[in-house]
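Engineer: File coords15.txt follows (compact mmCIF, C-alpha atoms and all ligand atoms):
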# COMPACT_ATOMS: atom_id res chain seq x y z
CA MET A 191 69.98 13.51 242.26
CA ASP A 192 70.36 16.89 244.00
CA LYS A 193 70.58 17.20 247.70
CA SER A 194 67.79 18.75 249.73
CA ILE A 195 67.67 19.45 253.45
CA ALA A 196 65.22 17.59 255.70
CA VAL A 197 62.28 19.89 256.48
CA SER A 198 61.32 20.12 260.18
CA GLN A 199 57.69 20.28 261.26
CA ASP A 200 58.05 23.99 262.10
CA LEU A 201 59.45 24.74 258.66
CA GLU A 202 56.73 22.62 257.06
CA ASN A 203 54.14 24.73 258.90
CA ILE A 204 55.71 27.95 257.60
CA ILE A 205 55.65 26.61 254.03
CA THR A 206 51.99 25.62 254.48
CA ASP A 207 51.16 29.18 255.60
CA ILE A 208 53.07 30.63 252.64
CA ALA A 209 51.07 28.41 250.26
CA GLU A 210 47.81 29.48 251.95
CA VAL A 211 48.64 33.18 251.66
CA ALA A 212 49.72 32.69 248.02
CA ARG A 213 46.32 31.09 247.31
CA ILE A 214 44.46 33.97 248.97
CA LEU A 215 46.54 36.63 247.18
CA TRP A 216 45.68 35.14 243.83
CA LYS A 217 42.00 34.66 244.69
CA LEU A 218 41.72 38.29 245.80
CA GLY A 219 43.25 39.45 242.52
CA TRP A 220 46.29 40.84 244.32
CA ALA A 221 48.75 38.62 242.43
CA GLU A 222 47.76 38.60 238.78
CA SER A 223 49.95 36.57 236.44
CA ASN A 224 53.37 36.32 238.10
CA ALA A 225 52.91 39.41 240.28
CA GLY A 226 53.86 39.39 243.92
CA ASN A 227 56.70 37.81 245.81
CA ILE A 228 57.33 36.46 249.28
CA SER A 229 60.40 35.82 251.40
CA VAL A 230 60.84 34.55 254.94
CA ASN A 231 63.98 34.44 257.05
CA VAL A 232 63.96 30.74 258.05
CA THR A 233 67.50 30.60 259.45
CA GLU A 234 66.36 29.36 262.87
CA HIS A 235 64.76 26.30 261.22
CA ILE A 236 67.83 25.26 259.24
CA PRO A 237 70.66 23.25 260.85
CA GLU A 238 73.71 25.42 261.39
CA ASP A 239 76.11 22.81 260.07
CA ILE A 240 75.00 21.27 256.84
CA ARG A 241 77.15 18.37 255.76
CA GLU A 242 78.56 18.58 252.28
CA LEU A 243 77.10 22.07 251.74
CA ASN A 244 79.15 22.37 248.58
CA LYS A 245 77.15 19.57 246.99
CA PHE A 246 74.00 21.70 247.08
CA PRO A 247 73.49 23.66 243.86
CA SER A 248 75.02 27.09 244.16
CA LYS A 249 74.73 30.31 242.20
CA GLU A 250 76.26 33.72 242.09
CA ILE A 251 74.37 36.91 242.96
CA ASP A 252 75.42 40.17 241.40
CA LYS A 253 75.75 41.83 244.81
CA SER A 254 77.48 40.83 247.98
CA TYR A 255 75.69 40.42 251.32
CA PRO A 256 78.42 39.73 253.91
CA GLU A 257 76.04 40.50 256.81
CA LEU A 258 73.72 37.74 255.59
CA SER A 259 76.38 35.06 255.22
CA GLY A 260 75.03 31.85 256.81
CA PHE A 261 71.41 33.11 256.83
CA SER A 262 68.72 31.13 255.03
CA PHE A 263 65.64 32.47 253.26
CA PHE A 264 62.55 30.98 251.71
CA ILE A 265 62.05 33.02 248.53
CA THR A 266 59.69 32.80 245.60
CA GLY A 267 60.99 32.16 242.09
CA ALA A 268 61.33 34.57 239.19
CA GLY A 269 58.20 34.40 237.08
CA ALA A 270 56.49 32.08 239.59
CA ARG A 271 52.73 32.49 239.80
CA MET A 272 51.12 32.69 243.24
CA ARG A 273 48.41 30.32 242.07
CA ASP A 274 51.10 27.74 241.24
CA LEU A 275 53.02 28.39 244.45
CA ALA A 276 49.83 27.65 246.38
CA LYS A 277 49.64 24.20 244.77
CA GLU A 278 53.31 23.34 244.70
CA PRO A 279 55.60 25.47 246.88
CA SER A 280 58.73 23.42 246.15
CA GLY A 281 58.27 23.88 242.39
CA ASN A 282 57.91 27.67 242.58
CA ALA A 283 60.22 28.77 245.36
CA CYS A 284 63.38 27.74 247.12
CA ILE A 285 65.20 28.00 250.41
CA LEU A 286 68.60 29.49 249.83
CA ARG A 287 71.50 30.05 252.18
CA ILE A 288 73.90 32.92 251.59
CA ALA A 289 77.34 31.37 251.31
CA GLU A 290 80.48 32.40 253.14
CA LYS A 291 81.51 34.05 249.91
CA SER A 292 78.56 36.34 250.30
CA ASN A 293 77.98 36.92 246.60
CA ARG A 294 76.87 33.26 246.26
CA TYR A 295 74.08 31.17 247.67
CA HIS A 296 73.30 27.48 247.96
CA ILE A 297 69.83 26.19 247.19
CA LEU A 298 68.93 23.96 250.14
CA TRP A 299 65.37 23.08 249.16
CA GLY A 300 62.97 23.59 246.28
CA ARG A 301 63.48 24.02 242.56
CA ARG A 302 66.98 23.13 241.51
CA SER A 303 69.31 25.51 239.77
CA GLU A 304 69.74 22.90 237.01
CA LEU A 305 66.13 23.50 236.05
CA GLY A 306 66.92 27.14 235.35
CA PHE A 307 65.47 28.29 238.66
CA GLU A 308 66.08 31.91 239.56
CA PRO A 309 64.79 33.63 242.69
CA THR A 310 62.43 36.56 242.18
CA SER A 311 63.88 39.54 240.33
CA GLU A 312 63.10 41.46 243.54
CA ILE A 313 65.71 39.39 245.40
CA HIS A 314 67.84 42.46 246.10
CA SER A 315 65.02 44.38 247.72
CA HIS A 316 64.12 41.30 249.80
CA LEU A 317 67.71 40.67 250.92
CA SER A 318 68.29 44.38 251.62
CA ILE A 319 65.16 44.50 253.77
CA HIS A 320 66.11 41.32 255.65
CA ARG A 321 69.56 42.82 256.25
CA PHE A 322 67.92 46.01 257.54
CA LEU A 323 65.63 44.00 259.89
CA LEU A 324 68.56 41.97 261.22
CA GLU A 325 70.63 45.11 261.80
CA LYS A 326 67.75 46.57 263.78
CA LYS A 327 67.30 43.25 265.64
CA ALA A 328 63.65 43.52 264.57
CA PRO A 329 61.38 40.51 265.16
CA GLN A 330 59.91 40.56 261.63
CA LYS A 331 60.99 37.71 259.38
CA VAL A 332 58.30 37.81 256.70
CA ILE A 333 58.15 40.07 253.62
CA ILE A 334 55.14 40.03 251.31
CA HIS A 335 54.82 42.09 248.14
CA ALA A 336 51.43 42.06 246.39
CA HIS A 337 49.08 44.24 244.35
CA PRO A 338 46.02 45.01 246.56
CA GLU A 339 43.73 46.69 244.10
CA GLU A 340 41.86 49.28 246.11
CA LEU A 341 44.94 50.47 248.00
CA ILE A 342 46.77 50.90 244.71
CA ALA A 343 43.78 52.81 243.31
CA LEU A 344 44.14 55.38 246.10
CA THR A 345 47.81 55.95 245.24
CA HIS A 346 46.66 57.18 241.82
CA VAL A 347 44.67 59.98 243.47
CA LYS A 348 46.52 63.25 244.01
CA GLU A 349 44.74 64.01 247.27
CA TYR A 350 46.00 60.82 248.93
CA LYS A 351 49.65 61.10 247.95
CA GLN A 352 50.20 62.71 251.32
CA GLU A 353 50.90 60.03 253.91
CA SER A 354 48.97 61.82 256.68
CA LYS A 355 45.88 62.27 254.49
CA LEU A 356 46.00 58.69 253.28
CA ASN A 357 46.26 57.31 256.81
CA ARG A 358 43.48 59.59 258.07
CA LEU A 359 41.26 58.24 255.27
CA LEU A 360 42.08 54.56 255.87
CA TRP A 361 41.64 54.82 259.64
CA SER A 362 38.37 56.68 259.27
CA MET A 363 36.96 54.03 256.94
CA ASN A 364 37.65 51.02 259.16
CA PRO A 365 37.94 51.20 262.96
CA VAL A 366 39.92 47.94 262.93
CA ALA A 367 42.57 49.65 260.78
CA LYS A 368 42.86 52.39 263.42
CA ILE A 369 43.14 49.79 266.22
CA ILE A 370 45.57 47.36 264.54
CA ILE A 371 47.63 49.44 262.10
CA GLN A 372 48.80 52.00 264.62
CA LYS A 373 51.86 52.97 262.61
CA GLY A 374 49.71 53.63 259.54
CA VAL A 375 51.04 52.98 256.05
CA GLY A 376 54.19 54.44 254.58
CA LEU A 377 53.95 55.90 251.10
CA VAL A 378 56.83 55.47 248.65
CA PRO A 379 56.65 57.74 245.58
CA TYR A 380 56.71 55.90 242.26
CA CYS A 381 60.01 54.18 241.41
CA VAL A 382 60.79 51.69 238.65
CA PRO A 383 59.81 48.18 239.84
CA GLY A 384 62.83 46.14 240.92
CA SER A 385 65.10 49.20 241.16
CA ASP A 386 67.58 49.86 243.91
CA GLU A 387 65.92 53.24 244.34
CA LEU A 388 62.65 51.49 245.22
CA ALA A 389 64.40 49.15 247.69
CA GLN A 390 66.15 52.05 249.45
CA ALA A 391 62.99 54.17 249.64
CA THR A 392 61.12 51.16 251.04
CA ILE A 393 63.72 50.57 253.75
CA LYS A 394 63.47 54.23 254.74
CA ALA A 395 59.68 53.91 255.00
CA LEU A 396 60.00 50.68 257.02
CA GLU A 397 61.82 52.66 259.73
CA LYS A 398 58.37 53.91 260.74
CA HIS A 399 55.86 51.49 259.24
CA ASP A 400 55.19 47.76 258.78
CA VAL A 401 53.13 48.27 255.63
CA VAL A 402 54.37 50.39 252.76
CA LEU A 403 52.47 51.38 249.61
CA TRP A 404 54.40 51.78 246.40
CA GLU A 405 52.69 54.54 244.44
CA LYS A 406 50.84 53.21 241.37
CA HIS A 407 52.28 49.71 241.90
CA GLY A 408 51.50 47.74 245.07
CA CYS A 409 52.36 47.19 248.69
CA LEU A 410 55.11 45.62 250.74
CA ALA A 411 54.47 44.41 254.25
CA ILE A 412 56.69 42.95 256.95
CA GLY A 413 55.62 40.87 259.91
CA THR A 414 56.43 38.10 262.34
CA ASP A 415 54.33 35.48 260.59
CA MET A 416 52.70 35.02 257.21
CA LEU A 417 49.05 35.20 258.18
CA GLU A 418 49.45 38.21 260.46
CA THR A 419 51.37 40.06 257.75
CA PHE A 420 48.68 39.31 255.17
CA ASP A 421 45.91 40.31 257.63
CA ARG A 422 47.36 43.80 258.04
CA VAL A 423 47.20 44.47 254.31
CA ASP A 424 43.72 42.92 254.16
CA ILE A 425 42.44 45.25 256.89
CA LEU A 426 43.87 48.31 255.11
CA ASN A 427 42.52 47.23 251.76
CA LYS A 428 39.07 46.77 253.31
CA ALA A 429 39.20 50.42 254.40
CA ALA A 430 40.09 51.47 250.86
CA ARG A 431 37.34 49.25 249.45
CA ILE A 432 34.65 50.76 251.68
CA PHE A 433 35.70 54.25 250.60
CA LEU A 434 35.64 53.35 246.92
CA ALA A 435 32.31 51.49 247.28
CA CYS A 436 30.70 54.69 248.60
CA LYS A 437 32.34 56.74 245.86
CA SER A 438 31.27 54.41 243.08
CA ALA A 439 27.70 54.49 244.41
CA GLY A 440 27.86 58.29 244.12
CA LEU A 441 27.79 58.67 247.93
CA ALA A 442 30.07 60.80 250.08
CA PRO A 443 31.36 58.60 252.91
CA GLU A 444 31.25 60.25 256.32
CA GLY A 445 34.03 58.19 257.92
CA LEU A 446 34.81 58.13 261.62
CA SER A 447 35.06 61.61 263.14
CA ASP A 448 38.23 62.96 264.76
CA ALA A 449 36.59 62.42 268.16
CA GLN A 450 35.82 58.78 267.31
CA LEU A 451 39.38 58.20 266.08
CA ASP A 452 40.79 59.85 269.22
CA GLU A 453 38.64 57.59 271.35
CA LEU A 454 40.03 54.48 269.62
CA GLU A 455 43.54 55.81 270.11
CA ARG A 456 42.92 56.33 273.83
CA LEU A 457 41.37 52.91 274.26
CA PHE A 458 43.62 50.71 272.11
CA TRP A 459 46.96 52.29 271.37
CA SER A 460 49.80 51.28 273.58
CA LYS A 461 51.11 54.10 275.72
CA LYS A 462 54.81 54.67 275.63
ZN ZN B 1 54.76 44.25 242.02
In structure tokens, what does this structure look like?
Structural biologist:
Amino acid sequence: MDKSIAVSQDLENIITDIAEVARILWKLGWAESNAGNISVNVTEHIPEDIRELNKFPSKEIDKSYPELSGFSFFITGAGARMRDLAKEPSGNACILRIAEKSNRYHILWGRRSELGFEPTSEIHSHLSIHRFLLEKKAPQKVIIHAHPEELIALTHVKEYKQESKLNRLLWSMNPVAKIIIQKGVGLVPYCVPGSDELAQATIKALEKHDVVLWEKHGCLAIGTDMLETFDRVDILNKAARIFLACKSAGLAPEGLSDAQLDELERLFWSKK
């Protein structure tokens, strides 16, 4: 029988939130088949000293992450479906700790390596982003990648491949987007899914944004907790949906005016 760490109430609550967001992502059609992946830095909820750590299943990663040695992450499995994760998190994800030899990890909880479990093929982008957040001492611990339909649709339109134009559109379609998503979305030009190029371009975009759209593919969002991170994408996608609803009805949406957007900025944006 494999070992598994005891799960604290706080960690249990995080896993419950992950399962809830996975369920919503699938229901919204943002995680078709095995699309989408989630990771959370859960280091603070894992005991620092784990007895007999070497008895936990361990695996090699094809890259080394010395800065992450000793850090633990909840991460979804390769090929795992969000609809299955919602029902059974431990069967479709794991908590892994990067070992002292930083090109290895131990699986502390969840599907065992003996069952052929592999973390998401996007593991390198997730670990690179967590490393970037830790280097910046940023508070965000959650990373969600999903396929929000209407936002993706906009990235297929030439006119909105300019970040400033895209943000102007999204803000003008939903005042809540203007109030909450003050940094706007970052736009990453198309890169092959799972590529290092995509990971690096995403990190660059995360310097200025908490939500990044991958052209013709999906979005990646970071946040301090699962539900808040999901909400941000939901608010932005609502803006895109309103725009497309008008368009598909043959109507030209007016959107909020510059004066109305300026007013929201004056009233709600934090002044530095
Ligand atoms: Zn994807």
Engineer: Which residues are close to Ile251 (chain A), i.e. within 8 Å by all atoms listed in the file, leaving aside same-chain residues fewer than 3 positions away? Reply as a list in words.
Structural biologist: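 Once the nearby chain positions are removed, what remains is Ser254, Asn293, Arg294 and Tyr295 of chain A.
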Engineer: Step by step: start from the point (75.6, 39.8, 259.0) in the file's coordinates, keep every protein, DNA or RNA residue that has an atom no farther than 12 Å from it, count all atoms listed in the file, and write the set as a CSV table (one decimal) with C-alpha atoms, in the coordinates of the input.
Structural biologist:
chain,number,residue,atom,x,y,z
A,254,SER,CA,77.5,40.8,248.0
A,255,TYR,CA,75.7,40.4,251.3
A,256,PRO,CA,78.4,39.7,253.9
A,257,GLU,CA,76.0,40.5,256.8
A,258,LEU,CA,73.7,37.7,255.6
A,259,SER,CA,76.4,35.1,255.2
A,260,GLY,CA,75.0,31.8,256.8
A,261,PHE,CA,71.4,33.1,256.8
A,262,SER,CA,68.7,31.1,255.0
A,288,ILE,CA,73.9,32.9,251.6
A,289,ALA,CA,77.3,31.4,251.3
A,290,GLU,CA,80.5,32.4,253.1
A,292,SER,CA,78.6,36.3,250.3
A,317,LEU,CA,67.7,40.7,250.9
A,318,SER,CA,68.3,44.4,251.6
A,320,HIS,CA,66.1,41.3,255.6
A,321,ARG,CA,69.6,42.8,256.2
A,322,PHE,CA,67.9,46.0,257.5
A,323,LEU,CA,65.6,44.0,259.9
A,324,LEU,CA,68.6,42.0,261.2
A,325,GLU,CA,70.6,45.1,261.8
A,326,LYS,CA,67.8,46.6,263.8
A,327,LYS,CA,67.3,43.2,265.6
Engineer: Check every protein, DNA and RNA residue against ligand ZN 1 (chain B), keep those with an atom at most 10 Å away (counting only C-alpha atoms and all ligand atoms), and present them as a count of residues only.
Structural biologist: 20
Engineer: Counting all atoms listed in the file, I want the residues whose atoms come within 10 Å of (39.0, 52.0, 252.0) in the file frame, returned as number ranges by chain.
Structural biologist: A: 340-341, 343-344, 356, 359-364, 367, 425-436, 445
Engineer: Between CA of Ser385 (chain A) and CA of Ala276 (chain A), what is the distance, to one decimal in Å?
Structural biologist: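 That distance, rounded to one decimal, is 26.9 Å.
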Engineer: Which residues come within 10 Å of Ser354 (chain A), counting all atoms listed in the file, excluding same-chain residues fewer than 4 positions away, as a PyMOL selection string?
Structural biologist: chain A and resi 350+358-359+374-377
Engineer: May I have the selected residues written with C-alpha atoms, as an mmCIF file, in the frame of the given file?
Structural biologist:
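Output file result.cif is given in full below:
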data_model
loop_
_atom_site.group_PDB
_atom_site.id
_atom_site.type_symbol
_atom_site.label_atom_id
_atom_site.label_comp_id
_atom_site.auth_asym_id
_atom_site.auth_seq_id
_atom_site.Cartn_x
_atom_site.Cartn_y
_atom_site.Cartn_z
ATOM 1 C CA TYR A 350 46.000 60.820 248.930
ATOM 2 C CA ARG A 358 43.480 59.590 258.070
ATOM 3 C CA LEU A 359 41.260 58.240 255.270
ATOM 4 C CA GLY A 374 49.710 53.630 259.540
ATOM 5 C CA VAL A 375 51.040 52.980 256.050
ATOM 6 C CA GLY A 376 54.190 54.440 254.580
ATOM 7 C CA LEU A 377 53.950 55.900 251.100
#
Engineer: Compare A:Ser198, A:Arg213, A:Lys249, A:Gln372 by their minimum atom-to-atom distance to Lys277 (chain A), counting only C-alpha atoms, and give me the closest one.
Structural biologist: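 Of A:Ser198, A:Arg213, A:Lys249, A:Gln372, the one nearest Lys277 (chain A), counting only C-alpha atoms, is A:Arg213.
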Engineer: Work out how far apart CA of Ala212 (chain A) and CA of Val366 (chain A) are and give it in Å to one decimal.
Structural biologist: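 Result for CA of Ala212 (chain A) versus CA of Val366 (chain A): 23.5 Å, one decimal.
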